[in-house]
file protein23.cif (mmCIF, C-alpha atoms)
data_final
loop_
_atom_site.label_atom_id
_atom_site.label_comp_id
_atom_site.auth_asym_id
_atom_site.auth_seq_id
_atom_site.Cartn_x
_atom_site.Cartn_y
_atom_site.Cartn_z
CA MET A 1 62.95 89.65 103.46
CA LEU A 2 65.58 90.72 100.95
CA ALA A 3 64.45 93.21 98.32
CA LYS A 4 63.93 91.67 94.86
CA ARG A 5 66.23 92.52 91.97
CA ILE A 6 65.65 93.29 88.29
CA ILE A 7 68.58 92.21 86.11
CA PRO A 8 68.99 92.84 82.37
CA CYS A 9 70.89 90.05 80.65
CA LEU A 10 73.27 90.73 77.79
CA ASP A 11 74.13 87.62 75.79
CA VAL A 12 77.33 88.45 73.92
CA LYS A 13 78.60 86.87 70.71
CA ASP A 14 81.41 88.28 68.56
CA GLY A 15 81.29 91.56 70.50
CA ASN A 16 77.55 92.15 70.01
CA VAL A 17 74.55 91.58 72.23
CA VAL A 18 72.34 88.89 70.70
CA LYS A 19 69.03 87.22 71.56
CA GLY A 20 67.43 84.01 70.37
CA VAL A 21 64.48 81.75 71.09
CA ASN A 22 65.12 78.48 72.93
CA PHE A 23 68.86 79.22 72.60
CA VAL A 24 68.83 79.34 68.75
CA ASN A 25 68.03 81.77 65.88
CA LEU A 26 70.10 84.64 67.26
CA THR A 27 69.50 88.26 66.27
CA THR A 28 71.79 91.20 67.01
CA GLU A 29 70.44 93.64 69.62
CA GLY A 30 73.22 96.20 70.07
CA ASP A 31 76.55 97.12 71.62
CA PRO A 32 77.12 95.58 75.08
CA ILE A 33 78.89 98.58 76.59
CA GLU A 34 76.29 101.09 75.36
CA LEU A 35 73.42 98.89 76.57
CA ALA A 36 75.12 98.30 79.93
CA ALA A 37 75.50 102.05 80.51
CA LYS A 38 71.87 102.62 79.47
CA TYR A 39 70.51 100.00 81.88
CA SER A 40 72.69 101.28 84.69
CA LYS A 41 71.21 104.77 84.26
CA GLU A 42 67.66 103.39 84.00
CA GLY A 43 67.82 101.75 87.42
CA ALA A 44 68.83 98.12 86.85
CA ASP A 45 69.93 96.49 90.10
CA GLU A 46 72.60 94.36 88.45
CA LEU A 47 73.69 93.25 84.99
CA VAL A 48 74.62 89.86 83.60
CA PHE A 49 76.97 89.33 80.65
CA LEU A 50 77.08 85.86 79.15
CA ASP A 51 79.58 85.07 76.41
CA ILE A 52 77.26 82.47 74.97
CA THR A 53 79.67 80.80 72.54
CA ALA A 54 82.84 80.90 74.63
CA THR A 55 82.55 77.28 75.77
CA LEU A 56 81.50 76.03 72.34
CA GLU A 57 84.34 77.78 70.55
CA SER A 58 86.90 77.21 73.34
CA ARG A 59 87.80 80.89 73.31
CA ASN A 60 89.24 82.89 76.14
CA ASN A 61 86.58 84.65 78.17
CA VAL A 62 85.66 88.27 77.97
CA VAL A 63 88.27 90.01 80.10
CA ASP A 64 88.55 92.91 77.68
CA LEU A 65 84.77 93.47 77.70
CA VAL A 66 84.70 93.36 81.51
CA THR A 67 87.42 96.00 81.74
CA LYS A 68 85.49 98.35 79.45
CA VAL A 69 82.17 97.75 81.22
CA ALA A 70 83.71 98.37 84.64
CA LYS A 71 84.71 101.87 83.50
CA LYS A 72 81.16 102.73 82.38
CA VAL A 73 78.90 100.93 84.83
CA PHE A 74 78.55 101.54 88.54
CA ILE A 75 76.19 98.76 89.56
CA PRO A 76 77.20 95.14 90.26
CA PHE A 77 77.60 92.89 87.26
CA MET A 78 78.12 89.19 86.67
CA VAL A 79 80.05 87.58 83.85
CA GLY A 80 79.93 84.03 82.53
CA GLY A 81 80.88 81.98 79.51
CA GLY A 82 83.98 79.88 78.96
CA VAL A 83 85.04 80.04 82.62
CA ARG A 84 87.16 76.94 83.17
CA SER A 85 89.44 77.57 86.12
CA VAL A 86 90.18 79.54 89.28
CA HIS A 87 92.61 81.55 87.14
CA ASP A 88 89.79 82.54 84.72
CA ILE A 89 87.65 83.66 87.65
CA SER A 90 90.51 85.67 89.12
CA GLU A 91 91.06 87.44 85.79
CA LEU A 92 87.39 88.44 85.50
CA LEU A 93 87.13 89.66 89.11
CA ASN A 94 90.38 91.61 88.79
CA ALA A 95 89.08 93.19 85.56
CA GLY A 96 86.06 94.55 87.44
CA ALA A 97 83.33 91.88 87.56
CA ASP A 98 81.53 91.48 90.88
CA LYS A 99 80.39 87.89 90.29
CA VAL A 100 81.34 85.07 87.95
CA SER A 101 78.91 82.40 86.78
CA ILE A 102 80.10 78.88 86.07
CA ASN A 103 78.18 76.31 84.06
CA SER A 104 79.87 73.72 81.83
CA ALA A 105 83.19 73.65 83.68
CA ALA A 106 81.44 72.90 86.97
CA LEU A 107 79.65 69.92 85.42
CA LYS A 108 82.99 68.61 84.21
CA ASN A 109 84.83 69.38 87.45
CA PRO A 110 82.49 70.05 90.41
CA ASP A 111 85.47 70.70 92.70
CA LEU A 112 85.92 73.99 90.84
CA LEU A 113 82.91 75.28 92.78
CA ASN A 114 84.47 74.40 96.14
CA ASN A 115 87.84 75.84 95.22
CA ALA A 116 86.41 79.07 93.78
CA SER A 117 84.03 79.66 96.69
CA LYS A 118 86.83 79.19 99.20
CA LYS A 119 89.25 81.43 97.35
CA PHE A 120 86.95 84.31 96.37
CA GLY A 121 83.98 83.95 98.72
CA SER A 122 80.54 82.51 98.00
CA GLN A 123 79.15 85.95 97.12
CA CYS A 124 81.33 86.01 93.97
CA ILE A 125 80.46 82.55 92.64
CA VAL A 126 77.21 81.79 90.83
CA LEU A 127 76.19 78.39 89.50
CA ALA A 128 74.45 78.85 86.14
CA VAL A 129 72.14 75.99 85.23
CA ASP A 130 70.40 75.59 81.87
CA VAL A 131 67.50 73.18 82.28
CA LYS A 132 65.03 71.47 79.99
CA GLN A 133 61.95 69.59 81.12
CA ASN A 134 62.01 65.84 80.63
CA GLY A 135 58.69 64.37 81.73
CA HIS A 136 58.31 65.11 85.43
CA SER A 137 61.94 66.16 85.91
CA TRP A 138 64.41 68.66 84.49
CA ASN A 139 67.74 67.80 82.90
CA VAL A 140 70.81 70.00 82.84
CA HIS A 141 72.40 71.08 79.53
CA SER A 142 75.95 72.34 79.08
CA HIS A 143 77.93 74.16 76.37
CA GLY A 144 75.47 77.01 75.86
CA GLY A 145 72.51 74.65 76.07
CA SER A 146 73.74 72.52 73.17
CA LYS A 147 74.80 69.42 75.12
CA PRO A 148 72.24 67.46 77.17
CA MET A 149 73.71 65.95 80.32
CA ASN A 150 72.31 62.99 82.20
CA VAL A 151 72.10 65.18 85.30
CA ASP A 152 69.00 65.98 87.34
CA ALA A 153 68.70 69.74 87.76
CA ILE A 154 67.39 69.68 91.33
CA GLN A 155 70.13 67.36 92.58
CA TRP A 156 72.83 69.34 90.77
CA ILE A 157 71.68 72.67 92.17
CA LYS A 158 71.52 71.27 95.70
CA GLU A 159 75.06 69.95 95.22
CA GLY A 160 76.15 73.40 94.03
CA GLU A 161 74.83 74.94 97.23
CA GLU A 162 76.67 72.33 99.30
CA ARG A 163 79.86 73.12 97.41
CA GLY A 164 79.64 76.76 98.43
CA VAL A 165 78.15 78.77 95.58
CA GLY A 166 76.33 81.92 96.67
CA GLU A 167 73.59 82.10 94.05
CA ILE A 168 71.83 80.11 91.32
CA LEU A 169 71.18 81.46 87.82
CA LEU A 170 68.35 79.21 86.65
CA THR A 171 67.49 79.35 82.94
CA SER A 172 64.58 77.41 81.50
CA MET A 173 65.54 76.50 77.94
CA ASP A 174 61.88 75.71 77.21
CA ALA A 175 60.84 79.27 78.10
CA ASP A 176 63.93 81.12 76.83
CA GLY A 177 63.09 83.92 74.39
CA THR A 178 59.42 82.93 74.14
CA GLN A 179 58.12 85.90 76.18
CA SER A 180 55.41 83.56 77.49
CA GLY A 181 56.49 83.66 81.14
CA VAL A 182 59.12 81.95 83.23
CA ASP A 183 58.82 78.25 84.05
CA LEU A 184 57.15 78.80 87.41
CA LYS A 185 57.22 75.15 88.42
CA ILE A 186 60.98 74.62 88.22
CA THR A 187 61.65 78.11 89.58
CA GLN A 188 59.46 77.53 92.62
CA THR A 189 60.83 74.02 93.14
CA ILE A 190 64.44 75.20 93.16
CA SER A 191 63.70 78.31 95.24
CA GLN A 192 62.15 76.12 97.92
CA LYS A 193 64.93 73.50 97.82
CA VAL A 194 67.87 75.84 98.44
CA SER A 195 68.56 78.61 100.93
CA ILE A 196 70.67 80.73 98.57
CA PRO A 197 69.18 83.28 96.14
CA VAL A 198 67.72 82.05 92.85
CA ILE A 199 67.70 84.22 89.71
CA ALA A 200 64.86 83.23 87.36
CA SER A 201 65.75 83.44 83.69
CA GLY A 202 63.91 82.71 80.47
CA GLY A 203 60.48 83.72 79.19
CA ILE A 204 59.81 87.23 80.50
CA GLY A 205 57.41 89.07 78.18
CA SER A 206 55.08 91.15 80.36
CA LEU A 207 54.86 92.98 83.66
CA LYS A 208 52.80 90.14 85.13
CA HIS A 209 55.56 87.67 84.30
CA PHE A 210 57.90 89.55 86.64
CA LYS A 211 55.27 89.51 89.40
CA ASP A 212 54.56 85.79 88.92
CA ALA A 213 58.25 84.92 89.04
CA PHE A 214 58.48 86.58 92.46
CA ASP A 215 55.05 85.67 93.89
CA ILE A 216 54.63 82.14 92.52
CA GLY A 217 58.17 81.19 91.50
CA LYS A 218 59.60 82.54 94.77
CA ALA A 219 62.61 83.90 92.86
CA ASP A 220 64.95 86.42 94.48
CA ALA A 221 65.75 88.14 91.20
CA VAL A 222 64.47 88.07 87.63
CA LEU A 223 66.64 88.18 84.54
CA ALA A 224 65.23 89.52 81.27
CA ALA A 225 66.65 90.39 77.87
CA SER A 226 64.29 90.91 74.92
CA VAL A 227 61.82 93.16 76.75
CA PHE A 228 64.65 95.50 77.72
CA HIS A 229 66.72 95.36 74.52
CA ARG A 230 63.67 96.10 72.37
CA ASN A 231 62.23 98.79 74.69
CA ILE A 232 59.07 96.77 75.29
CA LEU A 233 59.23 97.33 79.04
CA PRO A 234 61.40 100.09 80.53
CA ILE A 235 63.03 99.12 83.83
CA SER A 236 61.28 102.03 85.57
CA SER A 237 57.87 100.68 84.50
CA VAL A 238 58.71 97.22 85.81
CA LYS A 239 59.78 98.59 89.18
CA LYS A 240 56.73 100.86 89.47
CA TYR A 241 54.39 97.96 88.67
CA LEU A 242 56.03 95.64 91.18
CA THR A 243 55.95 98.28 93.91
CA GLN A 244 52.26 98.91 93.24
CA ASN A 245 51.69 95.17 93.59
CA GLY A 246 53.34 94.94 96.99
CA ILE A 247 56.68 93.49 95.93
CA GLN A 248 59.65 95.05 97.66
CA ILE A 249 62.33 95.91 95.14
CA ARG A 250 65.66 97.68 95.38
#
call {"tool": "encode", "arguments": {"input": "protein23.cif", "output": "structure tokens"}}
result
Amino acid sequence: MLAKRIIPCLDVKDGNVVKGVNFVNLTTEGDPIELAAKYSKEGADELVFLDITATLESRNNVVDLVTKVAKKVFIPFMVGGGVRSVHDISELLNAGADKVSINSAALKNPDLLNNASKKFGSQCIVLAVDVKQNGHSWNVHSHGGSKPMNVDAIQWIKEGEERGVGEILLTSMDADGTQSGVDLKITQTISQKVSIPVIASGGIGSLKHFKDAFDIGKADAVLAASVFHRNILPISSVKKYLTQNGIQIR
């Protein structure tokens, strides 16, 4: 069994790290480069940077930020937001990112997943999926969660795997920022439907939430933001707790 990973998430807007609840009501949390260096020293396994308004505002993605982070951080990191083409992915990887997540552009042009996976390798390409529960199913949203799509999350994620992506970044919009726990049902469902790693995102607020995401949700990694940005749970405490509860971590 692969060791589980703890991943701080830095949502970036206008050069600052921000955090909201259910994808709205954003508050500023700090400088992305300073926070990245801090988490790297504290024992994070990876980092994720999401330029959360890049798609909405049709801006170029965060090549400059990636270059600066790569000079300060010596753990793997993923970047997403506004990625529209193989060229965008190439720029981010060349600037120092280890992985690139694709969301809205893949929904518009699914062949981008095939092309990117073939060119850069599956290990570099992550399909980010923002989901919202709709009765007994989950629908995909694009454009930073602002645009509901008539797309079933489970079918879309399975298609992503078939098209060659190496990992799924699964964010529950219902749980996002609530600190009430990840959506265990959709996390478990997706984790059992695909053979590639699933990163659970949205809702982490306590040590038990991490454990549940791994034990019940069957996630391979857990993404968290507020609890790290606001010093509610130090990374070392999370790792100690998980180890004490029999979960193998990096």
call {"tool": "closest_atom_pairs", "arguments": {"input": "protein23.cif", "of": "region 79-162 of chain A", "to": "region 200-209 of chain A", "cutoff": "12 Å", "atoms": "only C-alpha atoms", "output": "Markdown table"}}
result
| residue | atom | partner | partner_atom | distance |
| --- | --- | --- | --- | --- |
| A:Ala128 | CA | A:Ser201 | CA | 10.1 |
| A:Val129 | CA | A:Ser201 | CA | 9.9 |
| A:Asp130 | CA | A:Ser201 | CA | 9.3 |
| A:Val131 | CA | A:Gly202 | CA | 10.3 |
| A:Lys132 | CA | A:Gly202 | CA | 11.3 |
call {"tool": "atom_distance", "arguments": {"input": "protein23.cif", "atom1": "CA of Gly82 (chain A)", "atom2": "CA of Lys99 (chain A)"}}
result
14.3 Å
call {"tool": "resolve_selection", "arguments": {"input": "protein23.cif", "expression": "the PyMOL selection byres ((chain A and resi 70-75) around 8)", "output": "PyMOL selection string"}}
result
chain A and resi 33+36-37+40+44-47+66-69+76-77+95-97
call {"tool": "resolve_selection", "arguments": {"input": "protein23.cif", "expression": "the PyMOL selection byres ((chain A and resi 227-243) around 10)", "output": "PyMOL selection string"}}
result
chain A and resi 4-10+17-19+28-30+35+39-45+177+179+203-208+210-211+214+224-226+244-250
call {"tool": "write_last_selection", "arguments": {"input": "protein23.cif", "atoms": "C-alpha atoms", "output": "tab-separated table (two decimals), in the coordinates of the input"}}
result
chain	number	residue	atom	x	y	z
A	4	LYS	CA	63.93	91.67	94.86
A	5	ARG	CA	66.23	92.52	91.97
A	6	ILE	CA	65.65	93.29	88.29
A	7	ILE	CA	68.58	92.21	86.11
A	8	PRO	CA	68.99	92.84	82.37
A	9	CYS	CA	70.89	90.05	80.65
A	10	LEU	CA	73.27	90.73	77.79
A	17	VAL	CA	74.55	91.58	72.23
A	18	VAL	CA	72.34	88.89	70.70
A	19	LYS	CA	69.03	87.22	71.56
A	28	THR	CA	71.79	91.20	67.01
A	29	GLU	CA	70.44	93.64	69.62
A	30	GLY	CA	73.22	96.20	70.07
A	35	LEU	CA	73.42	98.89	76.57
A	39	TYR	CA	70.51	100.00	81.88
A	40	SER	CA	72.69	101.28	84.69
A	41	LYS	CA	71.21	104.77	84.26
A	42	GLU	CA	67.66	103.39	84.00
A	43	GLY	CA	67.82	101.75	87.42
A	44	ALA	CA	68.83	98.12	86.85
A	45	ASP	CA	69.93	96.49	90.10
A	177	GLY	CA	63.09	83.92	74.39
A	179	GLN	CA	58.12	85.90	76.18
A	203	GLY	CA	60.48	83.72	79.19
A	204	ILE	CA	59.81	87.23	80.50
A	205	GLY	CA	57.41	89.07	78.18
A	206	SER	CA	55.08	91.15	80.36
A	207	LEU	CA	54.86	92.98	83.66
A	208	LYS	CA	52.80	90.14	85.13
A	210	PHE	CA	57.90	89.55	86.64
A	211	LYS	CA	55.27	89.51	89.40
A	214	PHE	CA	58.48	86.58	92.46
A	224	ALA	CA	65.23	89.52	81.27
A	225	ALA	CA	66.65	90.39	77.87
A	226	SER	CA	64.29	90.91	74.92
A	244	GLN	CA	52.26	98.91	93.24
A	245	ASN	CA	51.69	95.17	93.59
A	246	GLY	CA	53.34	94.94	96.99
A	247	ILE	CA	56.68	93.49	95.93
A	248	GLN	CA	59.65	95.05	97.66
A	249	ILE	CA	62.33	95.91	95.14
A	250	ARG	CA	65.66	97.68	95.38
call {"tool": "closest_residue", "arguments": {"input": "protein23.cif", "among": "A:Asp31, A:Asp51, A:Asp220, A:Asp174", "to": "Ile190 (chain A)", "atoms": "all atoms listed in the file"}}
result
A:Asp220
call {"tool": "atom_distance", "arguments": {"input": "protein23.cif", "atom1": "CA of Leu2 (chain A)", "atom2": "CA of Leu112 (chain A)"}}
result
28.2 Å
call {"tool": "resolve_selection", "arguments": {"input": "protein23.cif", "expression": "the PyMOL selection byres ((chain A and resi 110) around 12)", "output": "PyMOL selection string"}}
result
chain A and resi 84-85+102-109+111-117+127+156-157+159-165
call {"tool": "decode", "arguments": {"input": "protein23.cif", "residues": "region 82-123 of chain A", "atoms": "N, CA and C atoms", "output": "PDB file, in the first residue's frame"}}
result
ATOM      1  N   GLY A  82      -6.704  28.176 -14.941  1.00  0.00           N
ATOM      2  CA  GLY A  82      -6.514  28.832 -16.235  1.00  0.00           C
ATOM      3  C   GLY A  82      -5.678  28.053 -17.225  1.00  0.00           C
ATOM      4  N   VAL A  83      -5.457  26.770 -16.962  1.00  0.00           N
ATOM      5  CA  VAL A  83      -4.660  25.942 -17.885  1.00  0.00           C
ATOM      6  C   VAL A  83      -5.548  25.543 -19.055  1.00  0.00           C
ATOM      7  N   ARG A  84      -5.177  25.974 -20.252  1.00  0.00           N
ATOM      8  CA  ARG A  84      -6.043  25.769 -21.414  1.00  0.00           C
ATOM      9  C   ARG A  84      -5.429  24.911 -22.515  1.00  0.00           C
ATOM     10  N   SER A  85      -4.123  24.692 -22.468  1.00  0.00           N
ATOM     11  CA  SER A  85      -3.475  24.059 -23.609  1.00  0.00           C
ATOM     12  C   SER A  85      -2.228  23.286 -23.183  1.00  0.00           C
ATOM     13  N   VAL A  86      -1.721  22.476 -24.095  1.00  0.00           N
ATOM     14  CA  VAL A  86      -0.453  21.778 -23.879  1.00  0.00           C
ATOM     15  C   VAL A  86       0.662  22.791 -23.666  1.00  0.00           C
ATOM     16  N   HIS A  87       0.590  23.918 -24.357  1.00  0.00           N
ATOM     17  CA  HIS A  87       1.596  24.971 -24.191  1.00  0.00           C
ATOM     18  C   HIS A  87       1.589  25.515 -22.765  1.00  0.00           C
ATOM     19  N   ASP A  88       0.395  25.755 -22.203  1.00  0.00           N
ATOM     20  CA  ASP A  88       0.290  26.240 -20.812  1.00  0.00           C
ATOM     21  C   ASP A  88       0.935  25.246 -19.849  1.00  0.00           C
ATOM     22  N   ILE A  89       0.650  23.972 -20.057  1.00  0.00           N
ATOM     23  CA  ILE A  89       1.204  22.930 -19.190  1.00  0.00           C
ATOM     24  C   ILE A  89       2.723  22.912 -19.287  1.00  0.00           C
ATOM     25  N   SER A  90       3.222  23.002 -20.508  1.00  0.00           N
ATOM     26  CA  SER A  90       4.674  23.006 -20.733  1.00  0.00           C
ATOM     27  C   SER A  90       5.334  24.170 -20.003  1.00  0.00           C
ATOM     28  N   GLU A  91       4.708  25.346 -20.073  1.00  0.00           N
ATOM     29  CA  GLU A  91       5.255  26.524 -19.389  1.00  0.00           C
ATOM     30  C   GLU A  91       5.362  26.298 -17.881  1.00  0.00           C
ATOM     31  N   LEU A  92       4.306  25.740 -17.289  1.00  0.00           N
ATOM     32  CA  LEU A  92       4.282  25.531 -15.837  1.00  0.00           C
ATOM     33  C   LEU A  92       5.296  24.480 -15.405  1.00  0.00           C
ATOM     34  N   LEU A  93       5.401  23.396 -16.160  1.00  0.00           N
ATOM     35  CA  LEU A  93       6.373  22.345 -15.830  1.00  0.00           C
ATOM     36  C   LEU A  93       7.797  22.860 -15.997  1.00  0.00           C
ATOM     37  N   ASN A  94       8.030  23.618 -17.045  1.00  0.00           N
ATOM     38  CA  ASN A  94       9.369  24.184 -17.271  1.00  0.00           C
ATOM     39  C   ASN A  94       9.737  25.202 -16.199  1.00  0.00           C
ATOM     40  N   ALA A  95       8.725  25.871 -15.631  1.00  0.00           N
ATOM     41  CA  ALA A  95       8.976  26.871 -14.582  1.00  0.00           C
ATOM     42  C   ALA A  95       9.269  26.218 -13.230  1.00  0.00           C
ATOM     43  N   GLY A  96       8.988  24.909 -13.113  1.00  0.00           N
ATOM     44  CA  GLY A  96       9.331  24.216 -11.875  1.00  0.00           C
ATOM     45  C   GLY A  96       8.241  23.386 -11.237  1.00  0.00           C
ATOM     46  N   ALA A  97       6.996  23.460 -11.763  1.00  0.00           N
ATOM     47  CA  ALA A  97       5.914  22.640 -11.201  1.00  0.00           C
ATOM     48  C   ALA A  97       6.171  21.167 -11.497  1.00  0.00           C
ATOM     49  N   ASP A  98       5.738  20.306 -10.586  1.00  0.00           N
ATOM     50  CA  ASP A  98       5.873  18.861 -10.782  1.00  0.00           C
ATOM     51  C   ASP A  98       4.634  18.259 -11.432  1.00  0.00           C
ATOM     52  N   LYS A  99       3.473  18.878 -11.144  1.00  0.00           N
ATOM     53  CA  LYS A  99       2.204  18.404 -11.705  1.00  0.00           C
ATOM     54  C   LYS A  99       1.361  19.610 -12.088  1.00  0.00           C
ATOM     55  N   VAL A 100       0.469  19.400 -13.040  1.00  0.00           N
ATOM     56  CA  VAL A 100      -0.463  20.452 -13.452  1.00  0.00           C
ATOM     57  C   VAL A 100      -1.874  19.882 -13.394  1.00  0.00           C
ATOM     58  N   SER A 101      -2.770  20.613 -12.747  1.00  0.00           N
ATOM     59  CA  SER A 101      -4.165  20.165 -12.697  1.00  0.00           C
ATOM     60  C   SER A 101      -4.982  20.910 -13.744  1.00  0.00           C
ATOM     61  N   ILE A 102      -5.888  20.170 -14.346  1.00  0.00           N
ATOM     62  CA  ILE A 102      -6.742  20.715 -15.413  1.00  0.00           C
ATOM     63  C   ILE A 102      -8.186  20.486 -15.015  1.00  0.00           C
ATOM     64  N   ASN A 103      -9.010  21.518 -15.176  1.00  0.00           N
ATOM     65  CA  ASN A 103     -10.415  21.410 -14.801  1.00  0.00           C
ATOM     66  C   ASN A 103     -11.306  21.857 -15.956  1.00  0.00           C
ATOM     67  N   SER A 104     -11.556  23.161 -16.058  1.00  0.00           N
ATOM     68  CA  SER A 104     -12.511  23.684 -17.040  1.00  0.00           C
ATOM     69  C   SER A 104     -12.126  23.366 -18.479  1.00  0.00           C
ATOM     70  N   ALA A 105     -10.839  23.492 -18.795  1.00  0.00           N
ATOM     71  CA  ALA A 105     -10.402  23.267 -20.177  1.00  0.00           C
ATOM     72  C   ALA A 105     -10.624  21.827 -20.616  1.00  0.00           C
ATOM     73  N   ALA A 106     -10.508  20.894 -19.665  1.00  0.00           N
ATOM     74  CA  ALA A 106     -10.722  19.483 -19.998  1.00  0.00           C
ATOM     75  C   ALA A 106     -12.197  19.213 -20.290  1.00  0.00           C
ATOM     76  N   LEU A 107     -13.079  19.896 -19.572  1.00  0.00           N
ATOM     77  CA  LEU A 107     -14.509  19.737 -19.830  1.00  0.00           C
ATOM     78  C   LEU A 107     -14.876  20.267 -21.219  1.00  0.00           C
ATOM     79  N   LYS A 108     -14.203  21.326 -21.604  1.00  0.00           N
ATOM     80  CA  LYS A 108     -14.445  21.920 -22.924  1.00  0.00           C
ATOM     81  C   LYS A 108     -13.816  21.095 -24.039  1.00  0.00           C
ATOM     82  N   ASN A 109     -12.624  20.559 -23.760  1.00  0.00           N
ATOM     83  CA  ASN A 109     -11.875  19.791 -24.759  1.00  0.00           C
ATOM     84  C   ASN A 109     -11.218  18.592 -24.095  1.00  0.00           C
ATOM     85  N   PRO A 110     -11.960  17.479 -23.941  1.00  0.00           N
ATOM     86  CA  PRO A 110     -11.415  16.309 -23.239  1.00  0.00           C
ATOM     87  C   PRO A 110     -10.142  15.743 -23.862  1.00  0.00           C
ATOM     88  N   ASP A 111      -9.946  15.972 -25.154  1.00  0.00           N
ATOM     89  CA  ASP A 111      -8.731  15.474 -25.815  1.00  0.00           C
ATOM     90  C   ASP A 111      -7.462  16.090 -25.229  1.00  0.00           C
ATOM     91  N   LEU A 112      -7.607  17.229 -24.551  1.00  0.00           N
ATOM     92  CA  LEU A 112      -6.449  17.851 -23.912  1.00  0.00           C
ATOM     93  C   LEU A 112      -5.818  16.881 -22.909  1.00  0.00           C
ATOM     94  N   LEU A 113      -6.644  16.086 -22.243  1.00  0.00           N
ATOM     95  CA  LEU A 113      -6.135  15.126 -21.264  1.00  0.00           C
ATOM     96  C   LEU A 113      -5.281  14.061 -21.940  1.00  0.00           C
ATOM     97  N   ASN A 114      -5.783  13.531 -23.061  1.00  0.00           N
ATOM     98  CA  ASN A 114      -5.005  12.535 -23.814  1.00  0.00           C
ATOM     99  C   ASN A 114      -3.675  13.113 -24.272  1.00  0.00           C
ATOM    100  N   ASN A 115      -3.761  14.276 -24.898  1.00  0.00           N
ATOM    101  CA  ASN A 115      -2.568  14.893 -25.485  1.00  0.00           C
ATOM    102  C   ASN A 115      -1.527  15.223 -24.416  1.00  0.00           C
ATOM    103  N   ALA A 116      -1.998  15.777 -23.288  1.00  0.00           N
ATOM    104  CA  ALA A 116      -1.074  16.159 -22.218  1.00  0.00           C
ATOM    105  C   ALA A 116      -0.433  14.933 -21.575  1.00  0.00           C
ATOM    106  N   SER A 117      -1.236  13.904 -21.327  1.00  0.00           N
ATOM    107  CA  SER A 117      -0.705  12.688 -20.693  1.00  0.00           C
ATOM    108  C   SER A 117       0.341  12.013 -21.579  1.00  0.00           C
ATOM    109  N   LYS A 118       0.089  12.017 -22.870  1.00  0.00           N
ATOM    110  CA  LYS A 118       1.050  11.402 -23.803  1.00  0.00           C
ATOM    111  C   LYS A 118       2.340  12.210 -23.869  1.00  0.00           C
ATOM    112  N   LYS A 119       2.205  13.517 -23.881  1.00  0.00           N
ATOM    113  CA  LYS A 119       3.383  14.372 -24.055  1.00  0.00           C
ATOM    114  C   LYS A 119       4.244  14.450 -22.795  1.00  0.00           C
ATOM    115  N   PHE A 120       3.606  14.573 -21.637  1.00  0.00           N
ATOM    116  CA  PHE A 120       4.349  14.832 -20.395  1.00  0.00           C
ATOM    117  C   PHE A 120       4.397  13.642 -19.442  1.00  0.00           C
ATOM    118  N   GLY A 121       3.565  12.637 -19.688  1.00  0.00           N
ATOM    119  CA  GLY A 121       3.468  11.494 -18.782  1.00  0.00           C
ATOM    120  C   GLY A 121       2.302  11.660 -17.822  1.00  0.00           C
ATOM    121  N   SER A 122       1.630  10.553 -17.533  1.00  0.00           N
ATOM    122  CA  SER A 122       0.454  10.596 -16.654  1.00  0.00           C
ATOM    123  C   SER A 122       0.759  11.193 -15.287  1.00  0.00           C
ATOM    124  N   GLN A 123       1.987  10.965 -14.798  1.00  0.00           N
ATOM    125  CA  GLN A 123       2.338  11.410 -13.439  1.00  0.00           C
ATOM    126  C   GLN A 123       2.298  12.927 -13.299  1.00  0.00           C
TER     127      GLN A 123
END
